[in-house]
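What's in query22.txt: compact mmCIF, C-alpha atoms and all ligand atoms
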```
# COMPACT_ATOMS: atom_id res chain seq x y z
CA MET A 1101 -33.87 13.19 -3.78
CA ARG A 1102 -30.31 13.63 -4.95
CA TYR A 1103 -30.11 10.21 -6.62
CA ALA A 1104 -31.63 9.77 -10.07
CA SER A 1105 -31.36 5.98 -10.15
CA CYS A 1106 -30.84 2.90 -8.00
CA ASP A 1107 -30.68 -0.88 -8.30
CA THR A 1108 -33.69 -1.63 -6.10
CA LEU A 1109 -36.43 0.53 -4.62
CA LEU A 1110 -38.55 -0.80 -1.76
CA THR A 1111 -41.65 0.82 -0.33
CA ALA A 1112 -43.72 -0.27 2.65
CA TYR A 1113 -46.25 1.02 5.15
CA LEU A 1114 -43.62 1.02 7.92
CA LEU A 1115 -39.84 1.21 7.83
CA LEU A 1116 -38.12 0.55 11.15
CA THR A 1117 -34.52 1.74 10.99
CA GLN A 1118 -32.90 0.90 14.36
CA ASP A 1119 -30.92 4.09 13.87
CA GLN A 1120 -29.80 6.26 16.80
CA ASP A 1121 -33.30 7.71 17.20
CA ARG A 1122 -34.94 4.32 16.58
CA ALA A 1123 -36.89 6.11 13.86
CA VAL A 1124 -39.91 4.43 12.30
CA LEU A 1125 -41.07 5.92 9.01
CA GLU A 1126 -44.66 5.68 7.87
CA ASN A 1127 -45.13 5.20 4.11
CA GLY A 1128 -41.40 4.94 3.78
CA ALA A 1129 -39.09 4.00 0.94
CA LEU A 1130 -35.55 2.70 0.75
CA SER A 1131 -33.26 2.59 -2.26
CA ILE A 1132 -30.35 0.19 -2.73
CA SER A 1133 -27.30 0.64 -4.90
CA GLN A 1134 -24.40 -1.79 -5.23
CA GLY A 1135 -25.43 -3.80 -2.20
CA ARG A 1136 -25.68 -0.81 0.11
CA ILE A 1137 -28.52 1.37 1.25
CA GLN A 1138 -28.48 4.49 -0.87
CA ALA A 1139 -31.26 6.51 0.74
CA ILE A 1140 -34.18 6.19 3.16
CA GLY A 1141 -37.09 8.57 3.49
CA PRO A 1142 -40.76 9.30 2.89
CA ARG A 1143 -42.05 7.59 -0.21
CA GLU A 1144 -42.88 10.85 -1.99
CA ASP A 1145 -39.19 11.82 -1.90
CA PHE A 1146 -38.41 8.94 -4.26
CA ALA A 1147 -40.78 10.07 -7.03
CA GLY A 1148 -38.82 10.09 -10.27
CA VAL A 1149 -36.01 7.82 -9.05
CA ARG A 1150 -35.35 5.22 -11.75
CA ALA A 1151 -35.02 1.74 -10.27
CA GLN A 1152 -34.01 -1.43 -12.07
CA HIS A 1153 -36.26 -3.33 -9.68
CA THR A 1154 -39.14 -1.91 -7.64
CA LEU A 1155 -40.98 -3.73 -4.88
CA HIS A 1156 -44.08 -2.13 -3.37
CA LEU A 1157 -44.64 -4.24 -0.27
CA GLY A 1158 -47.87 -2.55 0.85
CA ASN A 1159 -48.94 -3.32 4.40
CA ALA A 1160 -45.52 -4.51 5.44
CA LEU A 1161 -42.85 -3.67 8.00
CA ILE A 1162 -39.27 -3.37 6.76
CA LEU A 1163 -36.51 -3.67 9.36
CA PRO A 1164 -32.84 -4.69 9.52
CA GLY A 1165 -32.22 -8.41 9.04
CA LEU A 1166 -31.89 -10.17 12.39
CA ILE A 1167 -28.44 -11.48 13.35
CA ASN A 1168 -27.93 -14.84 15.04
CA ALA A 1169 -24.79 -14.20 17.08
CA HIS A 1170 -24.07 -17.79 18.15
CA THR A 1171 -24.96 -21.02 16.43
CA HIS A 1172 -23.60 -24.32 15.12
CA ILE A 1173 -25.52 -24.35 11.90
CA PRO A 1174 -24.99 -27.92 10.61
CA MET A 1175 -26.53 -29.25 13.84
CA THR A 1176 -29.87 -28.96 12.03
CA ILE A 1177 -29.15 -32.58 11.06
CA PHE A 1178 -29.48 -33.55 14.77
CA ARG A 1179 -32.65 -31.62 15.49
CA GLY A 1180 -35.02 -33.77 17.54
CA LEU A 1181 -32.68 -36.78 17.43
CA ALA A 1182 -32.78 -36.92 21.22
CA ASP A 1183 -34.28 -34.45 23.69
CA ASP A 1184 -35.00 -34.19 27.40
CA LEU A 1185 -31.90 -36.11 28.48
CA PRO A 1186 -29.15 -35.25 30.94
CA LEU A 1187 -26.55 -33.25 29.01
CA MET A 1188 -23.83 -35.89 29.21
CA THR A 1189 -26.13 -38.70 28.11
CA TRP A 1190 -27.36 -36.62 25.19
CA LEU A 1191 -23.83 -35.77 24.11
CA ASN A 1192 -22.13 -39.10 24.63
CA ARG A 1193 -24.84 -41.36 23.25
CA HIS A 1194 -26.34 -39.25 20.50
CA ILE A 1195 -24.20 -36.33 19.35
CA PHE A 1196 -20.48 -37.13 19.72
CA PRO A 1197 -20.62 -40.58 18.09
CA VAL A 1198 -22.08 -38.97 14.98
CA GLU A 1199 -19.88 -35.88 14.99
CA ARG A 1200 -16.71 -37.99 15.01
CA SER A 1201 -17.54 -39.29 11.56
CA LEU A 1202 -18.95 -36.07 10.12
CA THR A 1203 -18.36 -35.49 6.42
CA GLU A 1204 -18.23 -32.33 4.37
CA GLU A 1205 -21.37 -33.46 2.59
CA MET A 1206 -23.36 -33.71 5.82
CA VAL A 1207 -22.02 -30.37 7.09
CA THR A 1208 -22.98 -28.76 3.80
CA LEU A 1209 -26.50 -30.21 3.81
CA GLY A 1210 -27.02 -29.22 7.45
CA CYS A 1211 -25.76 -25.73 6.67
CA LEU A 1212 -28.16 -25.37 3.74
CA LEU A 1213 -31.07 -26.46 5.91
CA GLY A 1214 -30.05 -23.92 8.54
CA CYS A 1215 -29.65 -21.11 6.01
CA ALA A 1216 -33.11 -21.84 4.60
CA GLU A 1217 -34.64 -21.83 8.07
CA MET A 1218 -32.92 -18.59 9.07
CA LEU A 1219 -33.81 -16.74 5.87
CA ARG A 1220 -37.42 -17.96 6.17
CA CYS A 1221 -37.57 -16.46 9.66
CA GLY A 1222 -35.80 -13.19 8.97
CA THR A 1223 -32.17 -13.85 9.88
CA THR A 1224 -29.63 -12.54 7.38
CA ALA A 1225 -26.29 -12.96 9.19
CA PHE A 1226 -24.88 -15.29 11.82
CA ALA A 1227 -21.81 -16.29 13.81
CA ASP A 1228 -20.98 -19.97 13.53
CA MET A 1229 -18.62 -22.32 15.31
CA TYR A 1230 -18.41 -25.91 14.16
CA LEU A 1231 -16.33 -28.62 12.54
CA LEU A 1232 -15.25 -28.56 8.88
CA GLU A 1233 -16.04 -24.84 8.85
CA GLU A 1234 -14.62 -24.36 5.36
CA ALA A 1235 -17.61 -26.25 3.97
CA ILE A 1236 -19.87 -23.85 5.87
CA MET A 1237 -18.11 -20.79 4.51
CA LYS A 1238 -18.41 -22.06 0.94
CA THR A 1239 -22.08 -22.90 1.44
CA VAL A 1240 -22.88 -19.51 2.94
CA GLU A 1241 -21.01 -17.77 0.16
CA GLY A 1242 -23.18 -19.65 -2.33
CA CYS A 1243 -26.48 -18.95 -0.60
CA GLY A 1244 -25.84 -15.25 -0.22
CA MET A 1245 -25.98 -14.85 3.57
CA ARG A 1246 -23.35 -13.36 5.86
CA VAL A 1247 -21.30 -15.36 8.34
CA LEU A 1248 -18.56 -14.93 10.88
CA ALA A 1249 -17.22 -18.48 10.76
CA GLY A 1250 -14.98 -20.11 13.35
CA GLU A 1251 -13.46 -23.57 13.09
CA GLY A 1252 -14.04 -25.10 16.53
CA ILE A 1253 -10.58 -25.54 18.07
CA PHE A 1254 -10.06 -28.35 20.58
CA SER A 1255 -6.99 -29.82 22.22
CA PHE A 1256 -7.82 -33.11 20.53
CA PRO A 1257 -8.38 -34.12 16.90
CA SER A 1258 -11.52 -33.19 14.98
CA PRO A 1259 -12.67 -34.33 11.53
CA ALA A 1260 -10.97 -31.16 10.24
CA TYR A 1261 -7.49 -31.57 11.77
CA ALA A 1262 -5.18 -34.08 13.45
CA ASP A 1263 -3.69 -31.90 16.20
CA THR A 1264 -3.66 -28.38 17.59
CA ALA A 1265 -0.83 -27.18 15.34
CA ALA A 1266 -2.84 -28.30 12.32
CA ALA A 1267 -5.94 -26.60 13.75
CA LEU A 1268 -4.14 -23.26 14.03
CA ASP A 1269 -2.64 -23.67 10.55
CA LEU A 1270 -6.11 -24.39 9.23
CA VAL A 1271 -7.52 -21.16 10.70
CA ARG A 1272 -4.56 -19.23 9.33
CA ALA A 1273 -5.22 -20.65 5.85
CA GLN A 1274 -8.94 -19.88 6.13
CA ALA A 1275 -8.20 -16.30 7.15
CA ALA A 1276 -5.91 -15.87 4.13
CA ARG A 1277 -8.41 -17.43 1.74
CA TRP A 1278 -11.40 -15.36 2.86
CA ARG A 1279 -9.67 -12.07 3.69
CA GLY A 1280 -11.55 -9.15 2.17
CA HIS A 1281 -14.65 -11.19 1.29
CA ALA A 1282 -17.79 -9.04 1.55
CA ARG A 1283 -19.97 -11.63 3.30
CA VAL A 1284 -17.72 -14.30 4.80
CA ARG A 1285 -15.37 -13.50 7.66
CA VAL A 1286 -13.23 -15.76 9.82
CA ALA A 1287 -13.02 -15.92 13.61
CA VAL A 1288 -10.64 -17.77 15.91
CA ALA A 1289 -12.92 -20.08 17.87
CA PRO A 1290 -11.42 -22.06 20.75
CA HIS A 1291 -14.39 -24.19 21.79
CA ALA A 1292 -14.35 -23.72 25.59
CA VAL A 1293 -12.04 -23.75 28.60
CA TYR A 1294 -12.80 -27.44 29.29
CA THR A 1295 -11.90 -28.62 25.79
CA THR A 1296 -8.63 -26.72 25.48
CA THR A 1297 -5.40 -26.17 27.40
CA PRO A 1298 -3.97 -22.85 28.65
CA GLU A 1299 -1.26 -23.12 25.99
CA LEU A 1300 -3.84 -23.59 23.25
CA LEU A 1301 -5.94 -20.66 24.49
CA ILE A 1302 -2.86 -18.44 24.50
CA ALA A 1303 -2.01 -19.58 20.96
CA CYS A 1304 -5.58 -18.70 19.89
CA ARG A 1305 -5.28 -15.30 21.55
CA ASP A 1306 -2.03 -14.63 19.71
CA LEU A 1307 -3.43 -15.80 16.38
CA ALA A 1308 -6.50 -13.57 16.74
CA GLY A 1309 -4.23 -10.63 17.62
CA GLU A 1310 -1.79 -11.26 14.78
CA LEU A 1311 -4.49 -11.68 12.12
CA GLU A 1312 -6.83 -9.10 13.70
CA LEU A 1313 -9.69 -11.58 13.88
CA PRO A 1314 -12.55 -11.81 16.38
CA LEU A 1315 -12.24 -14.49 19.05
CA HIS A 1316 -15.39 -16.49 19.78
CA ILE A 1317 -15.59 -18.92 22.72
CA HIS A 1318 -18.20 -20.66 24.88
CA LEU A 1319 -17.72 -19.34 28.40
CA ALA A 1320 -19.42 -19.69 31.80
CA GLU A 1321 -22.25 -21.79 30.37
CA THR A 1322 -22.92 -24.02 33.38
CA ARG A 1323 -22.10 -24.44 37.06
CA GLU A 1324 -20.32 -27.67 36.14
CA GLU A 1325 -17.99 -25.73 33.87
CA THR A 1326 -17.21 -23.36 36.75
CA ALA A 1327 -16.59 -26.23 39.17
CA GLY A 1328 -14.26 -27.94 36.69
CA CYS A 1329 -12.33 -24.74 36.03
CA LEU A 1330 -11.99 -24.01 39.75
CA SER A 1331 -10.61 -27.47 40.40
CA ALA A 1332 -8.29 -27.52 37.37
CA ALA A 1333 -7.07 -23.91 37.34
CA GLY A 1334 -8.12 -22.47 40.69
CA ARG A 1335 -10.17 -19.74 39.05
CA ARG A 1336 -13.65 -19.25 37.72
CA PRO A 1337 -13.87 -19.45 33.88
CA VAL A 1338 -13.98 -15.68 33.27
CA ALA A 1339 -11.07 -14.98 35.63
CA TYR A 1340 -9.14 -17.88 34.12
CA CYS A 1341 -9.56 -16.54 30.57
CA HIS A 1342 -8.72 -13.05 31.79
CA SER A 1343 -5.51 -14.35 33.38
CA LEU A 1344 -4.54 -15.77 29.97
CA GLY A 1345 -5.16 -12.42 28.28
CA LEU A 1346 -8.06 -13.80 26.29
CA LEU A 1347 -10.66 -11.18 27.18
CA GLY A 1348 -10.65 -7.94 25.23
CA ARG A 1349 -12.62 -5.91 22.72
CA ARG A 1350 -11.98 -8.52 20.07
CA THR A 1351 -13.61 -11.25 22.18
CA THR A 1352 -17.18 -12.53 22.11
CA ILE A 1353 -18.31 -15.10 24.64
CA ALA A 1354 -21.34 -17.30 24.13
CA HIS A 1355 -23.67 -17.95 27.09
CA GLY A 1356 -22.23 -16.14 30.13
CA VAL A 1357 -24.75 -17.88 32.39
CA ASP A 1358 -22.80 -18.70 35.53
CA LEU A 1359 -21.44 -15.22 36.26
CA GLU A 1360 -20.79 -13.55 39.61
CA ASP A 1361 -20.23 -9.86 40.24
CA GLU A 1362 -16.46 -10.12 39.80
CA ASP A 1363 -17.00 -11.86 36.43
CA LEU A 1364 -19.40 -9.13 35.30
CA ASP A 1365 -16.83 -6.50 36.23
CA ILE A 1366 -14.10 -8.24 34.21
CA LEU A 1367 -16.34 -8.51 31.15
CA ALA A 1368 -17.40 -4.85 31.40
CA GLU A 1369 -13.90 -3.49 32.05
CA ASN A 1370 -12.46 -5.36 29.08
CA GLY A 1371 -15.16 -4.55 26.52
CA VAL A 1372 -16.05 -8.22 26.01
CA ARG A 1373 -19.23 -8.90 24.03
CA VAL A 1374 -21.68 -11.52 25.29
CA VAL A 1375 -24.16 -13.62 23.33
CA HIS A 1376 -27.31 -14.62 25.19
CA ASN A 1377 -28.90 -17.95 24.16
CA PRO A 1378 -31.99 -18.16 26.37
CA ARG A 1379 -33.80 -21.10 24.74
CA SER A 1380 -30.73 -23.34 24.65
CA ASN A 1381 -29.90 -22.42 28.25
CA MET A 1382 -33.43 -23.31 29.28
CA LYS A 1383 -33.60 -26.55 27.30
CA LEU A 1384 -30.26 -27.82 28.59
CA GLY A 1385 -31.14 -26.76 32.13
CA SER A 1386 -28.07 -24.51 32.26
CA GLY A 1387 -29.71 -21.59 34.07
CA VAL A 1388 -30.40 -17.95 33.32
CA ALA A 1389 -27.73 -15.49 32.21
CA PRO A 1390 -27.69 -12.23 34.22
CA VAL A 1391 -28.52 -10.16 31.16
CA PRO A 1392 -30.06 -7.19 33.02
CA ASP A 1393 -26.86 -6.94 35.12
CA LEU A 1394 -24.67 -7.14 32.01
CA LEU A 1395 -26.65 -4.40 30.29
CA ASN A 1396 -26.56 -2.24 33.43
CA ARG A 1397 -22.79 -2.45 33.37
CA GLY A 1398 -22.75 -1.36 29.74
CA VAL A 1399 -21.76 -4.75 28.33
CA THR A 1400 -22.87 -5.30 24.72
CA VAL A 1401 -25.18 -8.30 24.55
CA GLY A 1402 -26.26 -10.01 21.32
CA LEU A 1403 -28.78 -12.77 20.84
CA GLY A 1404 -28.18 -16.27 19.49
CA THR A 1405 -30.01 -19.55 19.10
CA ASP A 1406 -27.12 -21.94 19.72
CA GLY A 1407 -27.35 -25.12 17.65
CA ALA A 1408 -30.64 -26.60 16.45
CA ALA A 1409 -30.06 -29.72 18.55
CA SER A 1410 -30.32 -27.75 21.79
CA ASN A 1411 -33.00 -25.19 20.94
CA ASN A 1412 -34.51 -26.75 18.62
CA SER A 1413 -35.02 -23.76 16.36
CA LEU A 1414 -32.88 -21.20 14.57
CA ASN A 1415 -35.73 -18.68 14.69
CA LEU A 1416 -34.66 -15.41 16.31
CA PHE A 1417 -38.26 -14.28 16.75
CA ALA A 1418 -38.75 -17.20 19.13
CA GLU A 1419 -35.47 -16.26 20.80
CA MET A 1420 -36.50 -12.61 21.23
CA SER A 1421 -39.78 -13.65 22.81
CA ALA A 1422 -38.07 -16.12 25.15
CA CYS A 1423 -35.49 -13.51 26.12
CA ALA A 1424 -38.07 -10.83 26.90
CA LEU A 1425 -40.23 -13.21 28.97
CA LEU A 1426 -37.59 -15.24 30.80
CA HIS A 1427 -35.97 -12.42 32.76
CA LYS A 1428 -39.30 -10.90 33.76
CA ALA A 1429 -40.43 -14.24 35.15
CA VAL A 1430 -37.21 -15.08 36.96
CA HIS A 1431 -36.87 -11.66 38.59
CA ARG A 1432 -40.62 -11.13 39.04
CA ASP A 1433 -40.18 -7.76 37.36
CA SER A 1434 -42.19 -6.96 34.23
CA THR A 1435 -40.10 -3.87 33.46
CA LEU A 1436 -36.94 -5.87 32.68
CA LEU A 1437 -35.78 -6.22 29.07
CA PRO A 1438 -38.48 -4.21 27.28
CA ALA A 1439 -39.23 -4.98 23.62
CA GLN A 1440 -36.98 -2.24 22.26
CA THR A 1441 -34.01 -3.54 24.27
CA VAL A 1442 -34.56 -7.08 23.03
CA LEU A 1443 -34.85 -6.00 19.39
CA ASP A 1444 -31.65 -4.01 19.92
CA MET A 1445 -29.96 -7.20 21.10
CA ALA A 1446 -31.01 -9.15 17.98
CA THR A 1447 -29.83 -6.39 15.63
CA LEU A 1448 -27.31 -3.87 16.98
CA GLY A 1449 -26.02 -6.02 19.83
CA SER A 1450 -25.56 -9.06 17.62
CA ALA A 1451 -23.79 -6.93 15.00
CA GLN A 1452 -21.30 -5.91 17.69
CA ALA A 1453 -20.98 -9.52 18.81
CA LEU A 1454 -20.00 -10.41 15.23
CA HIS A 1455 -17.59 -7.42 15.27
CA TRP A 1456 -19.42 -6.36 12.09
CA GLU A 1457 -20.49 -2.97 13.33
CA ASP A 1458 -22.09 -1.61 10.16
CA LEU A 1459 -24.80 -4.31 10.27
CA GLY A 1460 -28.03 -4.20 12.30
CA VAL A 1461 -29.25 -0.78 11.19
CA LEU A 1462 -30.91 0.69 8.11
CA ALA A 1463 -29.08 3.88 7.19
CA PRO A 1464 -27.52 5.32 4.04
CA GLY A 1465 -24.17 3.69 3.29
CA ARG A 1466 -24.85 0.60 5.38
CA PRO A 1467 -25.10 -2.88 3.88
CA ALA A 1468 -28.57 -3.53 2.43
CA ASP A 1469 -29.45 -6.44 4.73
CA LEU A 1470 -33.14 -6.25 5.55
CA ILE A 1471 -36.34 -8.19 6.00
CA ALA A 1472 -40.04 -7.40 5.63
CA LEU A 1473 -42.99 -8.78 7.59
CA ASP A 1474 -46.56 -9.00 6.37
CA LEU A 1475 -48.49 -6.76 8.76
CA SER A 1476 -51.83 -8.11 7.60
CA SER A 1477 -50.99 -11.47 9.21
CA PRO A 1478 -53.43 -12.59 11.88
CA GLY A 1479 -51.84 -11.75 15.20
CA LEU A 1480 -50.22 -8.50 14.07
CA GLN A 1481 -53.37 -6.35 13.93
CA PRO A 1482 -54.21 -3.81 15.14
CA LEU A 1483 -50.77 -2.28 15.38
CA TYR A 1484 -49.78 0.21 18.09
CA SER A 1485 -46.06 -0.45 18.40
CA PRO A 1486 -43.99 -2.39 15.85
CA PHE A 1487 -41.40 -3.09 18.57
CA SER A 1488 -44.02 -4.80 20.70
CA HIS A 1489 -45.32 -6.94 17.83
CA LEU A 1490 -41.83 -7.96 16.70
CA VAL A 1491 -40.86 -9.25 20.15
CA TYR A 1492 -44.13 -10.43 21.70
CA ALA A 1493 -46.49 -11.28 18.84
CA ALA A 1494 -44.61 -12.22 15.66
CA SER A 1495 -43.70 -15.87 15.10
CA GLY A 1496 -41.23 -15.23 12.28
CA LEU A 1497 -43.49 -16.85 9.70
CA GLU A 1498 -44.80 -13.39 8.83
CA VAL A 1499 -41.47 -12.74 7.13
CA ARG A 1500 -42.08 -12.41 3.40
CA LEU A 1501 -38.78 -10.95 2.23
CA ALA A 1502 -35.12 -11.38 3.13
CA VAL A 1503 -32.44 -9.30 1.41
CA VAL A 1504 -28.67 -9.52 1.92
CA GLU A 1505 -26.28 -7.10 0.28
CA GLY A 1506 -29.13 -5.83 -1.86
CA ARG A 1507 -29.97 -9.28 -3.24
CA ILE A 1508 -33.36 -10.88 -2.60
CA LEU A 1509 -32.67 -14.33 -1.13
CA TYR A 1510 -36.20 -15.19 0.00
CA GLN A 1511 -39.57 -13.85 -1.01
CA ASP A 1512 -43.09 -15.15 -0.42
CA GLY A 1513 -42.22 -18.83 -0.06
CA HIS A 1514 -39.44 -18.92 -2.65
CA PHE A 1515 -35.70 -19.19 -2.05
CA PHE A 1516 -33.62 -17.62 -4.79
CA SER A 1517 -30.12 -18.59 -3.72
CA LEU A 1518 -30.68 -22.22 -2.74
CA ASP A 1519 -32.69 -25.07 -4.26
CA TYR A 1520 -35.02 -25.91 -1.41
CA PRO A 1521 -37.07 -28.62 -3.23
CA ALA A 1522 -33.80 -30.39 -4.08
CA LEU A 1523 -32.62 -30.03 -0.47
CA LEU A 1524 -35.84 -31.60 0.80
CA LYS A 1525 -35.08 -34.68 -1.27
CA GLU A 1526 -31.82 -35.10 0.68
CA THR A 1527 -33.40 -35.25 4.12
CA ASP A 1528 -34.00 -39.03 4.00
CA LYS A 1529 -30.32 -39.47 3.20
CA ILE A 1530 -29.37 -37.21 6.13
CA ARG A 1531 -31.57 -39.12 8.56
CA SER A 1532 -30.24 -42.53 7.47
CA TRP A 1533 -26.66 -41.31 7.68
CA VAL A 1534 -27.13 -39.89 11.20
CA LEU A 1535 -28.86 -43.01 12.51
CA ARG A 1536 -26.15 -45.24 10.99
CA ALA A 1537 -23.37 -43.09 12.43
CA ARG A 1538 -24.98 -43.17 15.88
CA ARG A 1539 -24.94 -46.99 15.86
CA ARG A 1540 -21.31 -47.24 14.75
CA LYS A 1541 -18.83 -48.57 17.32
CA GLN A 1542 -16.67 -45.71 18.52
CA PRO A 1543 -13.03 -45.56 19.57
CA PRO A 1544 -12.38 -44.66 23.22
CA ARG A 1545 -13.38 -41.11 24.16
CA VAL A 1546 -10.73 -38.46 24.26
CA SER A 1547 -10.41 -37.01 27.72
CA GLY A 1548 -12.28 -33.74 28.22
CA ARG A 1549 -14.41 -34.13 25.13
CA GLU A 1550 -17.39 -35.37 27.10
CA ASP A 1551 -18.15 -31.85 28.31
CA ALA A 1552 -18.36 -30.17 24.95
CA ASP A 1553 -21.71 -28.83 23.78
CA PHE A 1554 -21.18 -29.91 20.22
ZN ZN A 1601 -22.82 -23.18 21.39
```
Let's see the structure in the file written out as structure tokens.
Amino acid sequence: MRYASCDTLLTAYLLLTQDQDRAVLENGALSISQGRIQAIGPREDFAGVRAQHTLHLGNALILPGLINAHTHIPMTIFRGLADDLPLMTWLNRHIFPVERSLTEEMVTLGCLLGCAEMLRCGTTAFADMYLLEEAIMKTVEGCGMRVLAGEGIFSFPSPAYADTAAALDLVRAQAARWRGHARVRVAVAPHAVYTTTPELLIACRDLAGELELPLHIHLAETREETAGCLSAAGRRPVAYCHSLGLLGRRTTIAHGVDLEDEDLDILAENGVRVVHNPRSNMKLGSGVAPVPDLLNRGVTVGLGTDGAASNNSLNLFAEMSACALLHKAVHRDSTLLPAQTVLDMATLGSAQALHWEDLGVLAPGRPADLIALDLSSPGLQPLYSPFSHLVYAASGLEVRLAVVEGRILYQDGHFFSLDYPALLKETDKIRSWVLRARRRKQPPRVSGREDADF
């Protein structure tokens, strides 16, 4: 071992790297220095290394932290408020009336709840798109996670801005404020084709190009979206965005459900990254994204939960399981999306979808974002393949450690970067506020807004 000392030394029975060889080390160790992985190898190689903090995890599996590549994190405050309704009824009666009067306090509390849930279930980084995103960025900075944060941009006012010019100015200011931050990055996030105008999408494209930011948009989520786009613009959503120059290597689209061959070709030829949200797509009755076809064309696909109101979980273990099972069932083909491929989606694929390419893998020099599962949990023994257990058997509650940038944020029931007992005391306040806001008389709806998914 060429290093004499490190900040933190972790040892565990298994260390799953997700490196190029998908190496899994038995009796492995990993050292962390200044928030990055310093070295990985057999435990005996680390004899004599002085560590400020040593954690022998025993019968545990260390792997890269999972990455939630598409969510609306404050929507935890709406979880279970209304389910099993037609999409438009759900939105217009239960979600939009409350969102119109959202406050920074509610966004912050919802974000904290979401961060706690994700850390508890092994997610260390996520891509978000919501309203009042600055409050989310500040909250995530405080609780130690990583986020690619996009203020949802609409062609109508939001609680964060009065008009589209103000929306673009807001994103510009956010980008300036957070530029160079180690854990908080900014995206340009036009909400969807049906909540924007061509002019606004072009302005978003130009802003993302000028500031060199990722562009994150909902696209091709439902057949209704396609029908609306065909009637309004004469093209399917993917072709429409392509005609506006929106689709390139900087672009990540969420959903990609209603795709035809020509759409798949456009996405592949332009290096667009896709985020698959199987549980939300199932719950909202949107359909099944052609993920095997996307992967066959070489498109990078990450995995996301979407918001907690349409999932109703932010647990990527549940998402991995749903993803692996759904496509097998729909295509009547048990060889589709094997466990390794699905774990790749939740780590390496999602890292690409966040345009944060050094995440999703445990290797020297990479950010020290990792989790550990208790392998002695009922349901994970005996162990033949860690990939199989992670995708088909683990619930996420086996997670006993979550580390971001070398800092332990969660361990064995305790959160170290957020006050969870204090947060629990706020949930009555959240519930009363949401129920009051839902009853409030609303001004007339802004045209187009009724289609939005948040
Ligand atoms: Zn979404």
Inset, instruction - Check which residues fall inside 9 Å of ligand ZN 1601 (chain A) when counting all atoms listed in the file, and print them as a PyMOL selection string. - result: chain A and resi 1170-1172+1228-1230+1291+1317-1318+1354-1355+1377+1380+1404-1407+1410+1553-1554
Inset, instruction - Identify which of the residues A:Ala1260, A:Val1430, A:Arg1220, A:Ala1292 lies closest to Ser1495 of chain A, counting all atoms listed in the file when measuring atom-to-atom distances. - result: A:Arg1220
Inset, instruction - Quick one: everything within 12 Å of His1316 of chain A, counting all atoms listed in the file, minus sequence neighbours fewer than 6 positions away in the same chain. Send it as a ChimeraX atom specification. - result: /A:1169-1171,1227-1230,1248-1253,1286-1293,1301,1304-1305,1308,1346-1355,1372-1375,1453-1455
Can you write just those residues out, C-alpha atoms, as a tab-separated table (two decimals), keeping the file's coordinate frame?
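The new file selection.tsv reads:
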```
chain	number	residue	atom	x	y	z
A	1169	ALA	CA	-24.79	-14.20	17.08
A	1170	HIS	CA	-24.07	-17.79	18.15
A	1171	THR	CA	-24.96	-21.02	16.43
A	1227	ALA	CA	-21.81	-16.29	13.81
A	1228	ASP	CA	-20.98	-19.97	13.53
A	1229	MET	CA	-18.62	-22.32	15.31
A	1230	TYR	CA	-18.41	-25.91	14.16
A	1248	LEU	CA	-18.56	-14.93	10.88
A	1249	ALA	CA	-17.22	-18.48	10.76
A	1250	GLY	CA	-14.98	-20.11	13.35
A	1251	GLU	CA	-13.46	-23.57	13.09
A	1252	GLY	CA	-14.04	-25.10	16.53
A	1253	ILE	CA	-10.58	-25.54	18.07
A	1286	VAL	CA	-13.23	-15.76	9.82
A	1287	ALA	CA	-13.02	-15.92	13.61
A	1288	VAL	CA	-10.64	-17.77	15.91
A	1289	ALA	CA	-12.92	-20.08	17.87
A	1290	PRO	CA	-11.42	-22.06	20.75
A	1291	HIS	CA	-14.39	-24.19	21.79
A	1292	ALA	CA	-14.35	-23.72	25.59
A	1293	VAL	CA	-12.04	-23.75	28.60
A	1301	LEU	CA	-5.94	-20.66	24.49
A	1304	CYS	CA	-5.58	-18.70	19.89
A	1305	ARG	CA	-5.28	-15.30	21.55
A	1308	ALA	CA	-6.50	-13.57	16.74
A	1346	LEU	CA	-8.06	-13.80	26.29
A	1347	LEU	CA	-10.66	-11.18	27.18
A	1348	GLY	CA	-10.65	-7.94	25.23
A	1349	ARG	CA	-12.62	-5.91	22.72
A	1350	ARG	CA	-11.98	-8.52	20.07
A	1351	THR	CA	-13.61	-11.25	22.18
A	1352	THR	CA	-17.18	-12.53	22.11
A	1353	ILE	CA	-18.31	-15.10	24.64
A	1354	ALA	CA	-21.34	-17.30	24.13
A	1355	HIS	CA	-23.67	-17.95	27.09
A	1372	VAL	CA	-16.05	-8.22	26.01
A	1373	ARG	CA	-19.23	-8.90	24.03
A	1374	VAL	CA	-21.68	-11.52	25.29
A	1375	VAL	CA	-24.16	-13.62	23.33
A	1453	ALA	CA	-20.98	-9.52	18.81
A	1454	LEU	CA	-20.00	-10.41	15.23
A	1455	HIS	CA	-17.59	-7.42	15.27
```
Legend entry - A:Thr1108, A:Asn1411, A:Gln1120, A:Thr1326 ranked by distance to Val1149 of chain A, top pick (using all atoms listed in the file): A:Thr1108
Inset, instruction - Record the distance separating atom CA of Leu1535 of chain A and atom CA of Asp1519 of chain A, expressed in Å with one decimal. - result: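 Here the two named atoms are 24.9 Å from each other.
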